[in-house]
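Raw final34.txt, compact mmCIF, C-alpha atoms:
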# COMPACT_ATOMS: atom_id res chain seq x y z
CA MET A 12 32.00 81.41 143.72
CA ASN A 13 31.71 81.45 139.95
CA ARG A 14 35.32 80.27 139.68
CA PHE A 15 34.74 77.34 142.03
CA PHE A 16 31.56 76.44 140.17
CA ALA A 17 33.46 76.32 136.85
CA ILE A 18 36.17 74.12 138.39
CA ALA A 19 33.52 71.75 139.78
CA LEU A 20 32.09 71.30 136.27
CA LEU A 21 35.39 70.11 134.77
CA PRO A 22 34.93 66.43 135.78
CA LEU A 23 31.46 66.47 134.22
CA LEU A 24 32.86 67.92 131.00
CA ALA A 25 35.43 65.11 130.91
CA LEU A 26 32.60 62.56 131.02
CA LEU A 27 31.03 64.17 127.94
CA THR A 28 34.03 63.29 125.77
CA ALA A 29 33.05 59.58 125.66
CA CYS A 30 36.57 58.66 124.62
CA ASN A 31 37.49 55.10 123.72
CA ALA A 32 41.20 54.32 123.92
CA VAL A 33 41.04 51.33 121.56
CA VAL A 34 42.05 53.43 118.54
CA MET A 35 45.21 54.62 120.33
CA SER A 36 45.82 51.24 121.98
CA PRO A 37 44.90 48.60 119.35
CA SER A 38 45.63 44.88 119.44
CA GLY A 39 46.39 44.36 115.75
CA ASP A 40 49.61 45.28 113.95
CA VAL A 41 47.86 47.09 111.08
CA ALA A 42 45.83 49.23 113.48
CA ALA A 43 49.02 49.88 115.51
CA GLN A 44 50.80 51.18 112.41
CA GLN A 45 47.83 53.39 111.62
CA ARG A 46 47.95 54.69 115.21
CA ASP A 47 51.64 55.49 114.80
CA LEU A 48 50.88 57.40 111.61
CA VAL A 49 48.30 59.52 113.44
CA VAL A 50 50.74 60.22 116.28
CA VAL A 51 53.62 61.17 113.98
CA SER A 52 51.40 63.42 111.86
CA THR A 53 50.00 65.14 114.96
CA ILE A 54 53.46 65.77 116.41
CA LEU A 55 54.72 67.22 113.14
CA MET A 56 51.77 69.59 112.96
CA LEU A 57 52.16 70.60 116.62
CA ILE A 58 55.66 71.86 115.79
CA ILE A 59 53.90 74.76 114.08
CA ILE A 60 50.70 74.97 116.09
CA ILE A 61 52.26 75.23 119.57
CA PRO A 62 54.73 78.07 118.77
CA VAL A 63 51.96 79.99 116.97
CA MET A 64 49.62 79.69 119.97
CA VAL A 65 52.37 80.65 122.41
CA LEU A 66 53.50 83.63 120.33
CA THR A 67 49.90 84.80 119.93
CA VAL A 68 49.51 85.04 123.71
CA PHE A 69 53.00 86.55 124.06
CA PHE A 70 52.38 89.31 121.50
CA ALA A 71 48.96 90.11 122.95
CA TRP A 72 50.54 90.47 126.40
CA LYS A 73 53.63 92.37 125.33
CA TYR A 74 51.89 94.87 123.10
CA ARG A 75 48.88 95.47 125.30
CA GLN A 76 47.67 99.02 125.62
CA SER A 77 48.86 99.42 129.19
CA ASN A 78 52.46 98.44 128.36
CA THR A 79 53.93 101.78 127.41
CA ASP A 80 57.47 100.32 127.35
CA ALA A 81 56.76 98.09 124.33
CA PRO A 82 58.71 99.26 121.23
CA TYR A 83 56.68 100.93 118.51
CA ASP A 84 58.05 101.11 114.96
CA PRO A 85 55.39 102.22 112.45
CA GLU A 86 57.94 102.25 109.59
CA TRP A 87 58.89 98.53 109.90
CA ASP A 88 57.88 96.48 106.85
CA HIS A 89 60.30 93.57 106.26
CA SER A 90 62.61 91.08 107.97
CA THR A 91 64.52 88.47 105.97
CA GLN A 92 65.10 86.33 109.04
CA LEU A 93 61.40 86.25 109.91
CA GLU A 94 60.49 85.44 106.30
CA LEU A 95 62.89 82.47 106.29
CA ILE A 96 61.47 81.15 109.55
CA ILE A 97 57.83 81.69 108.52
CA TRP A 98 58.20 79.90 105.17
CA ALA A 99 60.98 77.35 105.79
CA ALA A 100 59.49 75.66 108.87
CA PRO A 101 56.05 74.89 107.35
CA LEU A 102 57.70 73.79 104.09
CA LEU A 103 59.94 71.29 105.90
CA ILE A 104 57.00 69.95 107.88
CA ILE A 105 54.90 69.53 104.73
CA ILE A 106 57.77 67.63 103.09
CA CYS A 107 58.02 65.33 106.12
CA LEU A 108 54.25 64.80 106.22
CA GLY A 109 54.18 64.06 102.51
CA ALA A 110 56.97 61.48 102.77
CA VAL A 111 55.42 59.75 105.79
CA THR A 112 51.95 59.71 104.22
CA TRP A 113 53.22 58.42 100.88
CA MET A 114 55.05 55.51 102.49
CA ALA A 115 52.16 54.66 104.82
CA THR A 116 49.64 54.82 101.97
CA HIS A 117 51.47 51.99 100.20
CA LEU A 118 52.53 49.97 103.25
CA LEU A 119 49.03 50.08 104.78
CA ASP A 120 47.13 49.49 101.54
CA PRO A 121 44.23 47.18 102.59
CA TYR A 122 44.71 45.15 99.39
CA ARG A 123 48.41 44.58 100.12
CA PRO A 124 49.26 41.16 101.64
CA LEU A 125 50.76 41.41 105.10
CA GLY A 126 54.53 41.50 105.24
CA ARG A 127 54.78 41.08 108.99
CA ILE A 128 52.83 39.82 111.99
CA SER A 129 54.29 42.32 114.42
CA PRO A 130 57.42 44.52 114.58
CA GLY A 131 60.43 42.32 113.85
CA LYS A 132 58.31 39.23 113.05
CA ALA A 133 57.77 38.53 109.36
CA VAL A 134 54.93 36.44 107.97
CA SER A 135 56.02 32.81 107.58
CA GLN A 136 55.70 31.38 104.08
CA THR A 137 54.23 28.20 105.57
CA VAL A 138 51.32 30.00 107.26
CA LYS A 139 48.11 30.01 105.23
CA PRO A 140 46.03 33.17 105.75
CA LEU A 141 42.54 32.74 107.16
CA GLN A 142 40.00 33.45 104.42
CA VAL A 143 36.87 35.27 105.62
CA GLU A 144 34.04 36.32 103.30
CA VAL A 145 31.98 39.19 104.73
CA VAL A 146 28.49 40.22 103.61
CA ALA A 147 26.93 43.40 105.00
CA LEU A 148 23.20 42.75 105.40
CA ASP A 149 20.34 44.93 106.69
CA TRP A 150 21.18 45.20 109.57
CA LYS A 151 23.65 42.51 110.49
CA TRP A 152 26.96 40.99 109.42
CA LEU A 153 27.43 37.57 107.81
CA PHE A 154 30.84 35.93 108.06
CA ILE A 155 31.63 32.91 105.87
CA TYR A 156 34.69 30.71 106.41
CA PRO A 157 35.21 28.86 103.09
CA GLU A 158 38.14 26.86 104.48
CA TYR A 159 35.95 25.33 107.19
CA GLY A 160 32.58 25.47 105.42
CA ILE A 161 30.90 27.36 108.27
CA ALA A 162 29.34 30.79 108.76
CA SER A 163 28.18 33.05 111.57
CA VAL A 164 26.03 36.13 112.01
CA ASN A 165 27.21 39.02 114.21
CA GLU A 166 30.14 37.02 115.56
CA MET A 167 33.61 36.43 114.19
CA ALA A 168 36.69 34.63 115.46
CA ALA A 169 40.28 34.40 114.25
CA PRO A 170 43.52 32.87 115.57
CA VAL A 171 46.12 35.15 117.11
CA ASP A 172 49.14 35.95 114.89
CA ARG A 173 47.57 34.41 111.77
CA PRO A 174 47.04 36.72 108.78
CA ILE A 175 43.40 37.32 107.83
CA ASP A 176 42.31 37.95 104.25
CA PHE A 177 38.87 39.56 104.11
CA ARG A 178 36.71 39.62 100.97
CA LEU A 179 33.79 41.97 101.50
CA THR A 180 30.58 42.87 99.71
CA SER A 181 27.08 44.10 100.55
CA SER A 182 23.59 42.83 99.86
CA ALA A 183 21.73 46.13 99.47
CA VAL A 184 23.42 49.44 100.34
CA MET A 185 26.93 50.68 100.95
CA ASN A 186 28.30 49.97 104.42
CA SER A 187 31.59 50.29 106.26
CA PHE A 188 33.28 47.37 108.02
CA TYR A 189 35.29 48.51 111.04
CA ILE A 190 37.05 46.73 113.91
CA PRO A 191 39.08 49.50 115.59
CA ALA A 192 41.37 47.07 117.43
CA LEU A 193 42.20 45.19 114.20
CA ALA A 194 42.52 47.62 111.28
CA GLY A 195 40.98 50.66 109.64
CA GLN A 196 37.54 50.69 108.11
CA ILE A 197 36.81 49.45 104.60
CA TYR A 198 33.65 50.02 102.58
CA THR A 199 31.36 47.28 101.32
CA MET A 200 29.20 47.84 98.22
CA PRO A 201 26.64 45.67 96.43
CA GLY A 202 27.93 44.05 93.26
CA MET A 203 31.52 44.94 94.17
CA GLN A 204 34.26 43.25 96.19
CA THR A 205 36.71 44.98 98.49
CA LYS A 206 39.62 43.41 100.35
CA LEU A 207 41.31 43.89 103.69
CA SER A 208 44.45 42.26 105.13
CA ALA A 209 44.91 42.29 108.91
CA VAL A 210 46.13 40.33 111.92
CA ILE A 211 45.23 40.23 115.61
CA ASN A 212 48.15 39.98 118.04
CA HIS A 213 46.47 39.65 121.43
CA PRO A 214 43.63 37.39 122.62
CA GLY A 215 40.43 39.11 123.59
CA ALA A 216 36.90 40.09 122.60
CA TYR A 217 36.74 43.24 120.49
CA GLN A 218 33.86 45.28 119.11
CA GLY A 219 33.13 45.61 115.42
CA PHE A 220 30.43 47.72 113.82
CA SER A 221 29.28 49.58 110.75
CA ALA A 222 30.81 53.04 110.40
CA ASN A 223 28.47 54.15 107.61
CA TYR A 224 24.81 54.98 108.18
CA SER A 225 22.60 52.49 106.32
CA GLY A 226 19.08 52.91 107.63
CA ALA A 227 16.82 52.35 110.61
CA GLY A 228 18.71 49.41 112.14
CA PHE A 229 22.17 50.94 111.74
CA SER A 230 22.75 51.47 115.48
CA GLY A 231 22.33 47.72 116.15
CA MET A 232 24.67 46.62 113.37
CA ARG A 233 27.39 45.50 115.78
CA PHE A 234 29.28 42.25 116.28
CA THR A 235 31.95 40.70 118.48
CA PHE A 236 35.36 39.80 117.10
CA HIS A 237 37.18 37.12 119.12
CA GLY A 238 40.96 36.88 118.98
CA LEU A 239 41.70 33.30 120.06
CA ALA A 240 44.66 31.01 120.51
CA ASP A 241 44.93 28.22 117.94
CA ASP A 242 43.36 25.56 120.15
CA ALA A 243 40.57 27.91 121.25
CA PHE A 244 39.83 28.78 117.62
CA ASP A 245 39.63 25.08 116.72
CA THR A 246 37.17 24.65 119.58
CA TRP A 247 35.07 27.56 118.30
CA VAL A 248 34.96 26.02 114.81
CA ALA A 249 33.96 22.65 116.26
CA ASP A 250 31.15 24.25 118.30
CA VAL A 251 29.79 26.02 115.21
CA LYS A 252 29.81 22.75 113.26
CA ALA A 253 28.13 20.90 116.10
CA LYS A 254 25.37 23.41 116.90
CA GLY A 255 24.82 25.30 113.65
CA THR A 256 22.30 24.77 110.87
CA ALA A 257 22.68 24.78 107.08
CA LEU A 258 23.00 28.00 105.06
CA ASP A 259 21.80 27.46 101.50
CA ARG A 260 20.41 29.97 99.02
CA MET A 261 16.84 29.89 100.30
CA THR A 262 18.02 30.28 103.90
CA TYR A 263 20.18 33.21 102.84
CA LEU A 264 17.22 34.94 101.17
CA GLN A 265 15.34 34.68 104.45
CA LEU A 266 18.38 35.96 106.37
CA GLU A 267 18.76 38.84 103.92
CA ARG A 268 15.42 40.34 104.94
CA PRO A 269 15.91 43.55 106.97
CA SER A 270 15.98 42.88 110.72
CA GLU A 271 17.35 44.76 113.72
CA ASN A 272 19.42 43.72 116.75
CA VAL A 273 19.87 40.18 115.47
CA PRO A 274 21.40 37.71 117.97
CA VAL A 275 24.40 35.56 117.12
CA GLN A 276 23.62 32.72 114.70
CA HIS A 277 25.82 29.84 113.53
CA TYR A 278 25.72 27.73 110.37
CA ALA A 279 27.42 24.33 110.30
CA ASN A 280 27.64 24.09 106.50
CA VAL A 281 27.41 26.70 103.77
CA ASP A 282 26.78 26.60 100.05
CA PRO A 283 30.34 26.97 98.66
CA GLU A 284 29.13 29.27 95.87
CA LEU A 285 27.00 31.49 98.10
CA PHE A 286 29.42 34.41 98.38
CA SER A 287 30.05 34.42 94.62
CA ALA A 288 26.28 34.42 94.05
CA VAL A 289 25.81 37.34 96.48
CA LEU A 290 28.65 39.23 94.83
CA ASN A 291 27.22 38.60 91.34
CA ARG A 292 23.67 39.50 92.45
CA CYS A 293 22.19 36.14 91.47
CA VAL A 294 21.28 34.27 94.64
CA GLU A 295 17.73 33.81 93.34
CA ARG A 296 17.28 30.85 91.02
CA GLY A 297 16.89 31.83 87.38
CA LYS A 298 18.48 35.28 87.72
CA MET A 299 21.41 36.08 85.45
CA CYS A 300 24.72 36.66 87.25
CA MET A 301 26.72 39.80 86.58
CA SER A 302 29.69 37.68 85.49
CA GLU A 303 27.49 35.88 82.96
CA MET A 304 26.12 39.20 81.71
CA ASP A 305 29.64 40.63 81.37
CA GLU A 306 30.78 37.63 79.38
CA ILE A 307 27.77 37.86 77.03
CA ASP A 308 28.37 41.58 76.55
CA ALA A 309 32.06 40.91 75.82
CA LYS A 310 30.97 38.65 72.96
CA GLY A 311 28.65 41.26 71.49
CA GLY A 312 25.50 40.80 73.57
CA LEU A 313 22.27 39.03 72.72
CA GLY A 314 21.09 41.58 70.19
CA MET A 315 17.46 42.59 69.83
CA ALA A 316 16.32 39.17 71.00
CA GLY A 317 17.90 39.78 74.40
CA ILE A 318 15.72 42.79 75.12
CA TYR A 319 12.82 40.52 76.07
CA ASN A 320 14.93 38.19 78.22
CA ILE A 321 13.38 39.45 81.43
CA ARG A 322 11.14 38.25 84.21
CA SER A 323 8.83 40.23 86.48
CA LEU A 324 9.70 40.83 90.11
CA GLU A 325 7.16 40.14 92.82
CA TYR A 326 6.51 42.97 95.24
CA ASP A 327 7.76 42.26 98.75
CA LYS A 328 8.41 45.17 101.09
CA TYR A 329 10.32 42.96 103.51
CA THR A 330 12.93 41.95 100.95
CA ARG A 331 12.86 45.26 99.08
CA ARG A 332 12.01 43.64 95.77
CA GLY A 333 9.48 45.11 93.39
CA ALA A 334 7.67 48.43 93.58
CA VAL A 335 4.18 49.74 94.23
CA PHE A 336 4.14 52.61 91.73
CA GLY A 337 5.58 53.00 88.27
CA PRO A 338 6.31 50.35 85.64
CA GLU A 339 6.42 46.72 86.63
CA PRO A 340 9.96 45.92 87.87
CA THR A 341 11.88 43.17 86.12
CA PHE A 342 15.22 41.38 86.16
CA VAL A 343 17.30 39.66 83.49
CA VAL A 344 16.74 35.91 83.28
CA GLY A 345 19.75 33.62 83.28
CA ILE A 346 20.39 31.64 80.11
CA CYS A 347 22.47 29.10 82.01
CA THR A 348 21.91 27.73 85.46
CA THR A 349 23.56 29.61 88.31
CA GLU A 350 26.14 26.85 88.73
CA GLU A 351 27.06 26.91 85.04
CA ALA A 352 27.39 30.69 84.99
CA LEU A 353 29.62 30.75 88.07
CA GLN A 354 31.78 27.91 86.76
CA SER A 355 32.12 29.70 83.43
CA SER A 356 33.18 32.87 85.24
CA MET A 357 35.82 31.00 87.24
CA ASN A 358 37.16 29.30 84.13
CA LEU A 359 37.40 32.63 82.35
CA GLN A 360 39.41 34.16 85.19
CA THR A 361 42.08 31.45 84.90
CA LEU A 362 42.70 32.01 81.17
CA PRO A 363 46.14 33.37 80.20
CA PRO A 364 46.23 37.04 79.16
CA LEU A 365 45.82 37.91 75.50
CA ASN A 366 48.93 38.75 73.49
CA THR A 367 48.35 42.37 72.52
CA ALA A 368 51.79 42.89 70.92
CA PRO A 369 51.62 44.46 67.44
CA PHE A 370 52.09 42.18 64.43
CA THR A 371 55.34 42.81 62.52
CA GLY A 372 57.14 41.19 59.61
CA ALA A 373 56.64 40.73 55.87
CA GLY A 374 54.71 37.97 54.17
CA LEU A 375 52.93 36.79 57.34
CA PRO A 376 49.32 35.64 56.91
CA ARG A 377 46.71 37.93 58.40
CA PRO A 378 45.32 36.39 61.63
CA SER A 379 41.66 35.51 61.78
CA SER A 380 39.29 37.40 64.07
CA THR A 381 39.10 34.33 66.31
CA GLN A 382 42.87 34.27 66.79
CA LEU A 383 43.09 38.03 67.15
CA PHE A 384 40.49 38.43 69.89
CA GLY A 385 41.08 35.10 71.63
CA LEU A 386 37.46 33.97 71.29
CA GLN A 387 38.55 30.38 70.84
CA ARG A 388 39.72 30.40 74.46
CA ARG A 389 36.39 31.46 75.98
CA PRO A 390 34.16 28.64 77.30
CA SER A 391 30.56 28.51 76.17
CA ASN A 392 27.72 29.52 78.49
CA THR A 393 25.05 27.38 76.83
Here is a file; write its structure as structure tokens.
Amino acid sequence: MNRFFAIALLPLLALLTACNAVVMSPSGDVAAQQRDLVVVSTILMLIIIIPVMVLTVFFAWKYRQSNTDAPYDPEWDHSTQLELIIWAAPLLIIICLGAVTWMATHLLDPYRPLGRISPGKAVSQTVKPLQVEVVALDWKWLFIYPEYGIASVNEMAAPVDRPIDFRLTSSAVMNSFYIPALAGQIYTMPGMQTKLSAVINHPGAYQGFSANYSGAGFSGMRFTFHGLADDAFDTWVADVKAKGTALDRMTYLQLERPSENVPVQHYANVDPELFSAVLNRCVERGKMCMSEMDEIDAKGGLGMAGIYNIRSLEYDKYTRRGAVFGPEPTFVVGICTTEEALQSSMNLQTLPPLNTAPFTGAGLPRPSSTQLFGLQRRPSNT
């Protein structure tokens, strides 16, 4: 009866696995290549694992105590053939795994532009990738479409067979952006930008979520990713523009407040500099952007006078600004307006690289410090 009871429990044990086949049956080419890498690596490792498991059972059975016919050779200590098999097989497998992993690491680099849409179908030079700016909030996802000037919360859509270029950041803590059907996960961090290139090959509604614990509302930090045909995607964009509201800086600061299980929200027009302001930690008016601070530091800083260029933060537990105990929290005040600082940062990024080649020759005049360090090419912030 105990045997039958154990057999009856097998279906219940299968239910406990909670398996989801989307990882092994994805709908995006990048995720499919990652699936293939997992399969190939597993097969290569099983070449060693299966024979070892089989031989373990075989030796235990053959040399059991009751088998008096098993050979016994207490003086045996070496076999060249066994040594070759034991060392050569794992070495060859490690070489194969290393080669496969090295190639996949470069081909599936999330920062690498897509070279193909699907097997045998290269990316057309005439196709413009869909730009999507992603902000991980507490505890929801904000998706900004700069090409269309719209945004959505906890819902994303993209055309089938069109490359997607993600730019990702976070508002408060580190998170992990993951759509199993589309591509592997990528981390989002405040004050930093990560990138991800992907494509969806089949229409459908797929689940996306955060794969990194980020607090109380983490379990509800989920969204729906829609893979749509071109005409259906155009319809989705039109609906967002028709029914959505405006997303400016003040609206974003309200949206940024921690909230759980947030329903889908649409925004018909978005501040074009909002993502840059979130990335540079200067959505609030009067706060110095990181890009502005970096540029000032590159020119030598503000000196002793800059030490007092600060403003007090107001305590607000809902927006996680300020503190109850300890010294009064402050932030650095912007010298320029936010628009001027962001424009200065963009202008600086388009400057040609400095010529760092050594100076050679006889009788040449010594260059001035302005020519040497390229300061004449930097725009002013004031």
Using only C-alpha atoms, find the one residue out of A:Met232, A:Met35, A:Leu102, A:Ala81 that sits nearest to A:Leu193.
A:Met35
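In terms of minimum interatomic distance to A:Trp150, A:Ala227 ranks closest within A:Met114, A:Leu285, A:Ala227, A:Leu57, counting all atoms listed in the file.
Minimum atom-to-atom distance to A:Pro157, evaluated using only C-alpha atoms, belongs to A:Pro283 out of A:Val344, A:Pro283, A:Ala309, A:Leu179.
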Between A:Val68, A:Ala222, A:Leu118, A:Met304, which residue has the minimum interatomic distance to A:Tyr189, considering all atoms listed in the file?
A:Ala222
At a cut-off of 9 Å, using only C-alpha atoms, what residues contact A:Met56? Leave out same-chain residues fewer than 4 positions from it and give the result as a PyMOL selection string.
chain A and resi 51-52+60-61+101+104-105+108
Contact residues around stretch 134-148 of chain A with all atoms listed in the file at 6 Å, ignoring same-chain residues under 5 positions, as JSON, numbers by chain:
{"A": [126, 127, 128, 153, 154, 155, 156, 174, 175, 176, 177, 178, 179, 180, 181, 182]}
Fewer than 4 positions away in the same chain doesn't count, so skip those; otherwise give me all residues within 7 Å of A:Val275, counting only C-alpha atoms, as a ChimeraX atom specification.
/A:164-166
Pick out the residues sitting within 8 Å of A:Ala42, and hand them over as a PyMOL selection string; count all atoms listed in the file, and ignore anything fewer than 2 positions along from it in its own chain.
chain A and resi 34+37-40+44-46+191-195
Could you state the separation of atom CA of A:Asp149 and atom CA of A:Phe236 in Å, given to one decimal place?
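Between atom CA of A:Asp149 and atom CA of A:Phe236 the gap is 19.0 Å.
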Report, in Å with one decimal, the straight-line distance from atom CA of A:Pro214 to atom CA of A:Ile161.
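Spanning atom CA of A:Pro214 to atom CA of A:Ile161 is a straight-line distance of 21.6 Å.
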Listed atoms of stretch 202-216 of chain A boxed axis-aligned with 3 Å per side, centre + edges as AutoDock Vina command-line options:
--center_x 38.0 --center_y 41.2 --center_z 108.4 --size_x 26.2 --size_y 13.6 --size_z 36.3
Taken to one decimal, the atom CA of A:Pro121-atom CA of A:Gly219 distance is 17.0 Å
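Each of A:Glu295, A:Glu306, A:Asp120, A:Asp241 was compared to A:Leu264 using only C-alpha atoms, and A:Glu295 turns out to be the nearest.
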